[in-house]
Structure formats: structure tokens, C-alpha cells
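Below you'll find the structure, written out as C-alpha cells, and then a few comments.
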Amino acid sequence: MKPRFIGYRAFQAAFNIGARAFPWRKAALVEGAGSIARIPELLAAEGVRRPLIVAGPVLTRTGLAGKITGILESAGVAYSFFGETEPDPSVETVNKIAEIYRREDCGGFIAIGGGSSMDAAKGAAALIARSNKTVSQLGGLLKVRRDIPPFIAVPTTAGTGSETTIAAVITDTNTHHKYAIMDLKLIPKYAILDPDLTTGLPPHITAITGMDALTHAVEAYLCWTYNTKESTAFALDAVRRIFGNLEKAYRDGSDRDARLEMMRASYQAGFAFTRAGVGNVHALAHTLGGLYHTAHGLANAVILPIVLDDYGEKVFPKLARLAASAGVARGVSDEEDAKLFTSAIRGLNDRMGIPRGFDFIKEEDIPQMINWALKEANPLYPVPVIYDRERCGKVIESVRL
């Protein structure tokens with residue numbers, strides 16, 4: 001093993017010891033059809049008189065955000081509203097949200113949507129907690145360290161798991177670099193899993209967000225040191241739920257049971273990777289989001305089986321156990337079951353119209369992609385296989401069509 005790789009493993013071992021003492025928690029779950037009706041009750045319990053709702057323009061146009069505002073108005077709750085969150089939220093957007101929060105004297109956040117709305121709201125909440133810091137200064141691990149305002153997360157997709165994670169992924173529009181603010185203080189107070197908010201989700205979005213959740217669960221399970229019994233169990237159960245329900249939700253958007261099961265899987269996978277970490281798939285996917293604005297779930301879906309193939313025998317035993325959870329194992333050997341699992345992922349992608357690679361990756365961008373991916377993954381991510389520049393470059397070439 002290369003000396004710097006030994007250093008990475010030493011860092012991860014030390015971090016694992018320290019992390020056991022962290023105040024880990026999960027967002028309190030409020031779930032079931034119509035559960036958004038409980039939002040006024042939750043605000044009252046937290047003493048919030050004027051929440052700031054953070055959403056994106058699509059949710060505003062389709063009326064999903066209006067369901068939340070209607071409930072608040074009926075309950076006589078005043079609120080402020082920001083509905084312009086873009087995909088891959090920028091530093092500028094985070095600053096705007098924080099400015100509105102301060103100017104209108106808000107007392108908490110309601111983030112509704114996918115990962116972008118939640119990440120933007122979390123970033124703003126971090127700025128409220130640390131008013132003397134900039135977004136870039138809060139980037140990295142454990143830079144917030146102060147309580148954020150009460151935060152209610154209302155996902156309208158089943159994939160990011162942002163309703164229970166420590167991370168807010170922000171994009172610097174000047175450099176096109178995506179980076180994360182990661183702190184336990186960013187875990188929302190409540191996560192509302194209401195399947196009625198996802199029944200109208202287009203099939204393609206259902207597919208890529210579901211594969212995002214699968215990637216979270218798989219990478220968390222493969223992490224070599226940070227896992228706990230709970231995160232391992234959550235990852236395995238998330239894989240079971242996803243293989244049992246993703247295609248149902250993809251083919252029949254009105255299947256409320258499948259939708260709720262996918263939301264539960266997303267929550268479980270979100271907790272699992274929050275505790276155990278992610279890996280090289282995410283590190284590479286973030287470079288595609290930063291450079292080409294590739295949807296994160298789509299990038300994960302394409303890269304996941306390629307990276308699993310690249311890991312090879314190093315992950316055969318764990319992939320075999322994931323294959324059993326997915327219901328595709330035959331029990332002959334770890335190698336066969338591992339390959340069956342990777343093949344099953346490709347099958348899911350194929351049946352849902354997800355490509356096997358991308359034709360837009362520019363050769364001249366590959367050195368920058370390698371730099372960003374290696375910087376993100378090492379030394380923090382406890383990946384089963386540490387990449388050097390050569391191996392990372394070969395994987396990227398495998399992603400190119």
C-alpha cells in the first residue's frame with residue numbers, strides 16, 4: 001500500500017474512534033398520506049411563529065408548495081417564502097435565503113422538494129447559526145457546531161435522503177466546484193414522509209432519485225470502518241425496499257404504497273450514509289454535477305455499477321449480502337452473487353431508461369475531475385478501494401461513451 005494510502009486509513013481509523021462520541025441522531029419521522037397537515041402542530045411545538053419556506057420553481061408552478069402554504073394559512077400561521085432554488089444550489093442562492101430569513105424575522109425553516117431545496121435551506125440555516133462566517137468558510141466537516149433554527153424537511157422525491165443527513169451540497173458558480181457543508185447540527189428536526197407529494201413525480205425523476213437512494217445504501221454498506229449495527233441494518237433494508245418498490249413506483253406513479261416504501265428507503269439510506277459515509281461513486285458524481293450540471297441521481301446511477309465492477313473481489317462478500325437483500329442471490333459463491341447484484345443494478349437502469357455512460361465528458365476536463373474526486377474522497381471517505389490518479393482516470397474513461 002502506498003504511504004499516503006496508509007495515512008488515509010490511519011485518519012479514518014482515528015476519525016472512527018472520535019465519531020463514536022458524536023451526538024448522532026435521526027430526524028423525527030412523521031409519515032403517511034396527508035401527514036403534511038401536522039406542520040402547524042410541529043411549528044407550535046418548536047415555538048416557531050414565522051417559518052421561511054424554501055422550495056424550487058417547479059414546486060411553485062405545480063402547486064405542491066401551495067399545499068404547504070394553504071395548510072399554514074388555514075391554521076393562521078404567518079410565513080415567508082423563497083421559491084427560486086435552482087438545481088445544484090449556488091452560494092448566491094444560499095445567501096439570498098439567509099438574507100430573507102433575517103430581514104423578515106423568521107424563526108425556522110420548512111424545506112420542501114428534493115435535495116436542492118433542502119441543501120439550500122441547510123446552507124442558509126448554517127449562516128444563521130454562524131453569522132460571522134461565509135458559505136465557503138463553513139464548507140467541510142464540523143464547521144457549524146452551533147444549533148440551527150428549527151428545521152422541517154418535506155421531501156417530494158424519494159432519493160436524496162437530505163431529510164436526515166448532515167450535509168448541504170453547494171455549488172460555487174465561479175469555479176463550478178460542488179462542495180459540502182457537513183455538520184451534525186444540520187440534521188433536520190423533523191422529516192415528513194407524505195407519499196401524496198410524490199404521486200405525480202415523472203417516471204424519469206422517480207427512476208434517478210430512486211437510484212440515488214440505492215447508491216447511498218450501497219456505498220454506506222461498503223464503507224470499511226464507520227458503519228454501526230444500525231447503519232448496516234438500515235442500508236440492507238433500504239436495498240430490499242428499493243428493489244421491491246422502485247419499478248412499481250416508476251411504472252405506476254399513483255401507487256401510494258410503493259411511493260411510501262421508497263420514501264422510507266430514502267430515509268434509511270440517508271441515515272446509513274450519514275453515519276457510515278459514501279465513496280468514490282459520489283466523489284465522481286459530484287464532478288459531473290459541477291462541470292456539466294448532471295442530475296446527481298443520474299450520475300450516481302450510471303457510475304455505481306462501473307465502480308462496483310472496478311472494485312472487484314475486494315467487495316464480493318459484501319455485495320453478495322446486498323444481493324441477498326435485493327432478492328437476486330443464488331447462494332453458490334460470493335463472486336457470483338456479487339456479479340448478479342451489479343448486473344441487477346444495470347438491469348434496473350436499463351428498464352428505466354438510464355444510460356450506461358455519458359457522451360458529454362470532455363477529455364480536457366478529466367484531469368480536473370480527477371483532482372476534485374480524489375480531494376473529496378481522501379482521506380475522509382472510508383472507501384473499500386482507495387483510488388490514485390491512474391485508477392480514477394480509468395474509471396472516468398469507462399463512464400465516457
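Letters A, B, ... go to the chains of the C-alpha cells in the order shown; residues in each chain start at 1; ligands are counted from 1 in the same order.
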
Considering only C-alpha atoms, tabulate each residue of stretch 115-218 of chain A that lies at most 12 Å from stretch 26-34 of chain A along with its nearest interatomic pair and the corresponding distance in Å to one decimal; arrange the rows by chain and ascending residue number and present them as a Markdown table.
```
| residue | atom | partner | partner_atom | distance |
| --- | --- | --- | --- | --- |
| A:Pro150 | CA | A:Ala27 | CA | 11.3 |
| A:Phe151 | CA | A:Ala27 | CA | 9.6 |
| A:Ile152 | CA | A:Ala27 | CA | 8.9 |
| A:Ala153 | CA | A:Ala27 | CA | 8.8 |
| A:Val154 | CA | A:Val30 | CA | 9.7 |
| A:Pro155 | CA | A:Glu31 | CA | 11.1 |
| A:Gly161 | CA | A:Ala27 | CA | 10.7 |
| A:Ser162 | CA | A:Ala27 | CA | 10.1 |
| A:Glu163 | CA | A:Ala27 | CA | 7.1 |
| A:Thr164 | CA | A:Ala27 | CA | 5.3 |
| A:Thr165 | CA | A:Lys26 | CA | 8.3 |
| A:Ile166 | CA | A:Lys26 | CA | 9.9 |
| A:Leu184 | CA | A:Lys26 | CA | 9.8 |
| A:Lys185 | CA | A:Lys26 | CA | 11.1 |
| A:Leu186 | CA | A:Ala27 | CA | 10.1 |
| A:Ile187 | CA | A:Ala27 | CA | 6.5 |
| A:Pro188 | CA | A:Ala27 | CA | 5.5 |
| A:Lys189 | CA | A:Ala27 | CA | 5.1 |
| A:Tyr190 | CA | A:Ala28 | CA | 4.7 |
| A:Ala191 | CA | A:Leu29 | CA | 5.1 |
| A:Ile192 | CA | A:Val30 | CA | 4.7 |
| A:Leu193 | CA | A:Glu31 | CA | 4.5 |
| A:Asp194 | CA | A:Ala33 | CA | 5.1 |
| A:Pro195 | CA | A:Ala33 | CA | 5.7 |
| A:Asp196 | CA | A:Ala33 | CA | 5.8 |
| A:Leu197 | CA | A:Ala33 | CA | 8.6 |
| A:Thr198 | CA | A:Ala33 | CA | 10.4 |
| A:Thr199 | CA | A:Ala33 | CA | 10.6 |
```

Write the residues of the preceding selection, restricted to N, CA and C atoms, as a PDB file, in the first residue's frame.
```pdb
ATOM      1  N   PRO A 150     -35.092  25.738  14.174  1.00  0.00           N
ATOM      2  CA  PRO A 150     -35.917  24.544  13.920  1.00  0.00           C
ATOM      3  C   PRO A 150     -36.108  24.325  12.416  1.00  0.00           C
ATOM      4  N   PHE A 151     -35.963  23.071  11.995  1.00  0.00           N
ATOM      5  CA  PHE A 151     -35.905  22.763  10.561  1.00  0.00           C
ATOM      6  C   PHE A 151     -36.816  21.570  10.272  1.00  0.00           C
ATOM      7  N   ILE A 152     -37.818  21.786   9.414  1.00  0.00           N
ATOM      8  CA  ILE A 152     -38.725  20.719   8.992  1.00  0.00           C
ATOM      9  C   ILE A 152     -38.438  20.414   7.529  1.00  0.00           C
ATOM     10  N   ALA A 153     -38.101  19.169   7.234  1.00  0.00           N
ATOM     11  CA  ALA A 153     -37.794  18.747   5.873  1.00  0.00           C
ATOM     12  C   ALA A 153     -38.981  17.983   5.303  1.00  0.00           C
ATOM     13  N   VAL A 154     -39.430  18.400   4.120  1.00  0.00           N
ATOM     14  CA  VAL A 154     -40.592  17.775   3.477  1.00  0.00           C
ATOM     15  C   VAL A 154     -40.167  17.316   2.081  1.00  0.00           C
ATOM     16  N   PRO A 155     -39.647  16.101   1.947  1.00  0.00           N
ATOM     17  CA  PRO A 155     -39.203  15.646   0.627  1.00  0.00           C
ATOM     18  C   PRO A 155     -40.371  15.396  -0.319  1.00  0.00           C
ATOM     19  N   GLY A 161     -32.342  11.643   0.560  1.00  0.00           N
ATOM     20  CA  GLY A 161     -32.153  11.397   1.985  1.00  0.00           C
ATOM     21  C   GLY A 161     -31.770  12.637   2.752  1.00  0.00           C
ATOM     22  N   SER A 162     -31.853  13.811   2.102  1.00  0.00           N
ATOM     23  CA  SER A 162     -31.428  15.051   2.763  1.00  0.00           C
ATOM     24  C   SER A 162     -32.230  15.357   4.009  1.00  0.00           C
ATOM     25  N   GLU A 163     -33.416  14.736   4.117  1.00  0.00           N
ATOM     26  CA  GLU A 163     -34.251  14.974   5.294  1.00  0.00           C
ATOM     27  C   GLU A 163     -33.647  14.409   6.564  1.00  0.00           C
ATOM     28  N   THR A 164     -32.550  13.658   6.455  1.00  0.00           N
ATOM     29  CA  THR A 164     -31.935  13.100   7.674  1.00  0.00           C
ATOM     30  C   THR A 164     -30.420  13.152   7.655  1.00  0.00           C
ATOM     31  N   THR A 165     -29.835  13.909   6.716  1.00  0.00           N
ATOM     32  CA  THR A 165     -28.378  13.915   6.591  1.00  0.00           C
ATOM     33  C   THR A 165     -27.742  15.141   7.237  1.00  0.00           C
ATOM     34  N   ILE A 166     -26.430  15.069   7.373  1.00  0.00           N
ATOM     35  CA  ILE A 166     -25.657  16.172   7.947  1.00  0.00           C
ATOM     36  C   ILE A 166     -25.142  17.121   6.880  1.00  0.00           C
ATOM     37  N   LEU A 184     -23.277  17.731  12.170  1.00  0.00           N
ATOM     38  CA  LEU A 184     -24.434  17.092  12.792  1.00  0.00           C
ATOM     39  C   LEU A 184     -25.536  18.093  13.112  1.00  0.00           C
ATOM     40  N   LYS A 185     -25.181  19.352  13.260  1.00  0.00           N
ATOM     41  CA  LYS A 185     -26.178  20.377  13.546  1.00  0.00           C
ATOM     42  C   LYS A 185     -27.146  20.582  12.380  1.00  0.00           C
ATOM     43  N   LEU A 186     -26.791  20.107  11.189  1.00  0.00           N
ATOM     44  CA  LEU A 186     -27.637  20.297  10.013  1.00  0.00           C
ATOM     45  C   LEU A 186     -28.697  19.216   9.851  1.00  0.00           C
ATOM     46  N   ILE A 187     -28.703  18.212  10.708  1.00  0.00           N
ATOM     47  CA  ILE A 187     -29.746  17.199  10.630  1.00  0.00           C
ATOM     48  C   ILE A 187     -31.091  17.852  10.973  1.00  0.00           C
ATOM     49  N   PRO A 188     -32.086  17.778  10.083  1.00  0.00           N
ATOM     50  CA  PRO A 188     -33.378  18.406  10.369  1.00  0.00           C
ATOM     51  C   PRO A 188     -34.008  17.875  11.657  1.00  0.00           C
ATOM     52  N   LYS A 189     -34.858  18.688  12.254  1.00  0.00           N
ATOM     53  CA  LYS A 189     -35.561  18.272  13.466  1.00  0.00           C
ATOM     54  C   LYS A 189     -36.652  17.266  13.119  1.00  0.00           C
ATOM     55  N   TYR A 190     -37.361  17.507  12.013  1.00  0.00           N
ATOM     56  CA  TYR A 190     -38.440  16.615  11.595  1.00  0.00           C
ATOM     57  C   TYR A 190     -38.304  16.288  10.114  1.00  0.00           C
ATOM     58  N   ALA A 191     -38.676  15.072   9.755  1.00  0.00           N
ATOM     59  CA  ALA A 191     -38.772  14.654   8.359  1.00  0.00           C
ATOM     60  C   ALA A 191     -40.200  14.169   8.128  1.00  0.00           C
ATOM     61  N   ILE A 192     -40.890  14.794   7.188  1.00  0.00           N
ATOM     62  CA  ILE A 192     -42.274  14.430   6.898  1.00  0.00           C
ATOM     63  C   ILE A 192     -42.298  13.617   5.609  1.00  0.00           C
ATOM     64  N   LEU A 193     -42.686  12.362   5.711  1.00  0.00           N
ATOM     65  CA  LEU A 193     -42.747  11.470   4.556  1.00  0.00           C
ATOM     66  C   LEU A 193     -44.211  11.287   4.157  1.00  0.00           C
ATOM     67  N   ASP A 194     -44.654  12.120   3.241  1.00  0.00           N
ATOM     68  CA  ASP A 194     -46.042  12.099   2.781  1.00  0.00           C
ATOM     69  C   ASP A 194     -46.059  11.631   1.331  1.00  0.00           C
ATOM     70  N   PRO A 195     -46.484  10.397   1.068  1.00  0.00           N
ATOM     71  CA  PRO A 195     -46.420   9.872  -0.300  1.00  0.00           C
ATOM     72  C   PRO A 195     -47.289  10.633  -1.283  1.00  0.00           C
ATOM     73  N   ASP A 196     -48.295  11.345  -0.794  1.00  0.00           N
ATOM     74  CA  ASP A 196     -49.144  12.115  -1.700  1.00  0.00           C
ATOM     75  C   ASP A 196     -48.363  13.195  -2.436  1.00  0.00           C
ATOM     76  N   LEU A 197     -47.231  13.610  -1.870  1.00  0.00           N
ATOM     77  CA  LEU A 197     -46.411  14.641  -2.514  1.00  0.00           C
ATOM     78  C   LEU A 197     -45.566  14.079  -3.655  1.00  0.00           C
ATOM     79  N   THR A 198     -45.486  12.763  -3.769  1.00  0.00           N
ATOM     80  CA  THR A 198     -44.632  12.162  -4.799  1.00  0.00           C
ATOM     81  C   THR A 198     -45.418  11.426  -5.875  1.00  0.00           C
ATOM     82  N   THR A 199     -46.745  11.327  -5.728  1.00  0.00           N
ATOM     83  CA  THR A 199     -47.502  10.510  -6.675  1.00  0.00           C
ATOM     84  C   THR A 199     -47.502  11.078  -8.092  1.00  0.00           C
TER      85      THR A 199
END
```

Got a sec: who's within 7 Å of A:Ala269, counting only C-alpha atoms, leaving out chain neighbours fewer than 6 positions off, as an MDAnalysis selection string? chainID A and resid 161 213 216:217 234:235 238

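For the set A:His177, A:Arg275, A:Lys314, A:Lys143, the residue with the smallest atom-to-atom gap to A:Asp88 is A:His177, counting only C-alpha atoms.
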
Taking the DSSP secondary structure from the backbone, can you list the residues of stretch 148-190 of chain A that are helix (DSSP H, G or I), as a list in words?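 Helix (DSSP H, G or I) members of stretch 148-190 of chain A, listed: Ser162, Glu163, Thr164, Leu184, Lys185 and Leu186 of chain A.
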
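Comparing A:Gly56, A:Gly210, A:Gly108, A:Pro202 by their smallest distance to A:His296, the closest is A:Gly210 (using only C-alpha atoms).
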
DSSP on the backbone, then: every residue of stretch 116-183 of chain A marked strand (DSSP E or B), written as a ChimeraX atom specification. /A:140-141,151-155,167-172,177-182

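Across the structure, atom CA of A:Ser90 and atom CA of A:Thr156 are spaced 20.5 Å apart.
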
Set the distance at 10 Å and use only C-alpha atoms: which residues neighbour A:Arg356 once local chain neighbours fewer than 6 positions away are removed? I'd like the list as a list in words. Ala301, Val302, Ile303, Pro305, Ile306, Arg346, Asn349, Asp350, Ser398, Val399, Arg400 and Leu401 of chain A

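If you measure from each of A:Arg4, A:Lys122, A:Arg146, A:Lys339 to A:Ala180 using only C-alpha atoms, the closest one turns out to be A:Lys122.
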
Who sits within 10 Å of stretch 325-337 of chain A, only C-alpha atoms, same chain under 3 positions skipped, as a list in words: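 Those residues are Ala235, Leu236, Asp237, Ala238, Val239, Arg240, Arg241, Ile242, Phe243, Gly244, Gly312, Glu313, Val315, Phe316, Pro317, Lys318, Leu319, Ala320, Arg321, Leu322, Leu340, Phe341, Thr342, Ser343, Ala344 and Ile345 of chain A.
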
Output C-alpha atoms for every residue in that selection, as a PDB file, in the first residue's frame.
```pdb
ATOM      1  CA  ALA A 235     -28.593   0.043   4.380  1.00  0.00           C
ATOM      2  CA  LEU A 236     -29.626  -3.582   3.887  1.00  0.00           C
ATOM      3  CA  ASP A 237     -33.298  -2.812   4.459  1.00  0.00           C
ATOM      4  CA  ALA A 238     -33.154   0.184   2.102  1.00  0.00           C
ATOM      5  CA  VAL A 239     -31.786  -2.081  -0.647  1.00  0.00           C
ATOM      6  CA  ARG A 240     -34.620  -4.538  -0.019  1.00  0.00           C
ATOM      7  CA  ARG A 241     -37.242  -1.802  -0.212  1.00  0.00           C
ATOM      8  CA  ILE A 242     -35.770  -0.254  -3.354  1.00  0.00           C
ATOM      9  CA  PHE A 243     -35.569  -3.487  -5.310  1.00  0.00           C
ATOM     10  CA  GLY A 244     -39.100  -4.310  -4.216  1.00  0.00           C
ATOM     11  CA  GLY A 312     -13.714  -6.436  -7.972  1.00  0.00           C
ATOM     12  CA  GLU A 313     -13.038  -9.160  -5.419  1.00  0.00           C
ATOM     13  CA  VAL A 315     -16.181  -6.201  -2.289  1.00  0.00           C
ATOM     14  CA  PHE A 316     -17.501  -9.626  -3.326  1.00  0.00           C
ATOM     15  CA  PRO A 317     -18.560 -10.729   0.198  1.00  0.00           C
ATOM     16  CA  LYS A 318     -20.450  -7.521   0.951  1.00  0.00           C
ATOM     17  CA  LEU A 319     -22.058  -7.339  -2.474  1.00  0.00           C
ATOM     18  CA  ALA A 320     -23.199 -10.925  -2.010  1.00  0.00           C
ATOM     19  CA  ARG A 321     -25.042  -9.905   1.155  1.00  0.00           C
ATOM     20  CA  LEU A 322     -26.590  -6.960  -0.692  1.00  0.00           C
ATOM     21  CA  LEU A 340     -25.549 -10.832 -10.007  1.00  0.00           C
ATOM     22  CA  PHE A 341     -26.103  -7.770  -7.820  1.00  0.00           C
ATOM     23  CA  THR A 342     -24.159  -5.468 -10.137  1.00  0.00           C
ATOM     24  CA  SER A 343     -25.990  -6.967 -13.093  1.00  0.00           C
ATOM     25  CA  ALA A 344     -29.311  -6.362 -11.331  1.00  0.00           C
ATOM     26  CA  ILE A 345     -28.396  -2.678 -10.908  1.00  0.00           C
TER      27      ILE A 345
END
```

Gap from atom CA of A:Ala258 to atom CA of A:Arg351 - Å, one decimal: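 These two atoms are separated by 17.3 Å.
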
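Using only C-alpha atoms, the shortest contact distance between A:Ala111 and any of A:Ala125, A:Ile53, A:Val144, A:Leu214 is found at A:Ile53.
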
Identify which of the residues A:Gly18, A:Val395, A:Leu288, A:Leu260 lies closest to A:Ser35, counting only C-alpha atoms when measuring atom-to-atom distances.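 Ranking A:Gly18, A:Val395, A:Leu288, A:Leu260 by distance to A:Ser35, first place goes to A:Leu260.
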
Which of these, A:Leu52, A:Gly70, A:Thr287, A:Thr157, has the shortest distance to A:Gly107 once you count only C-alpha atoms? A:Leu52

Atomic distance atom CA of A:Lys133 - atom CA of A:His293, expressed in Å with one decimal: 26.9 Å
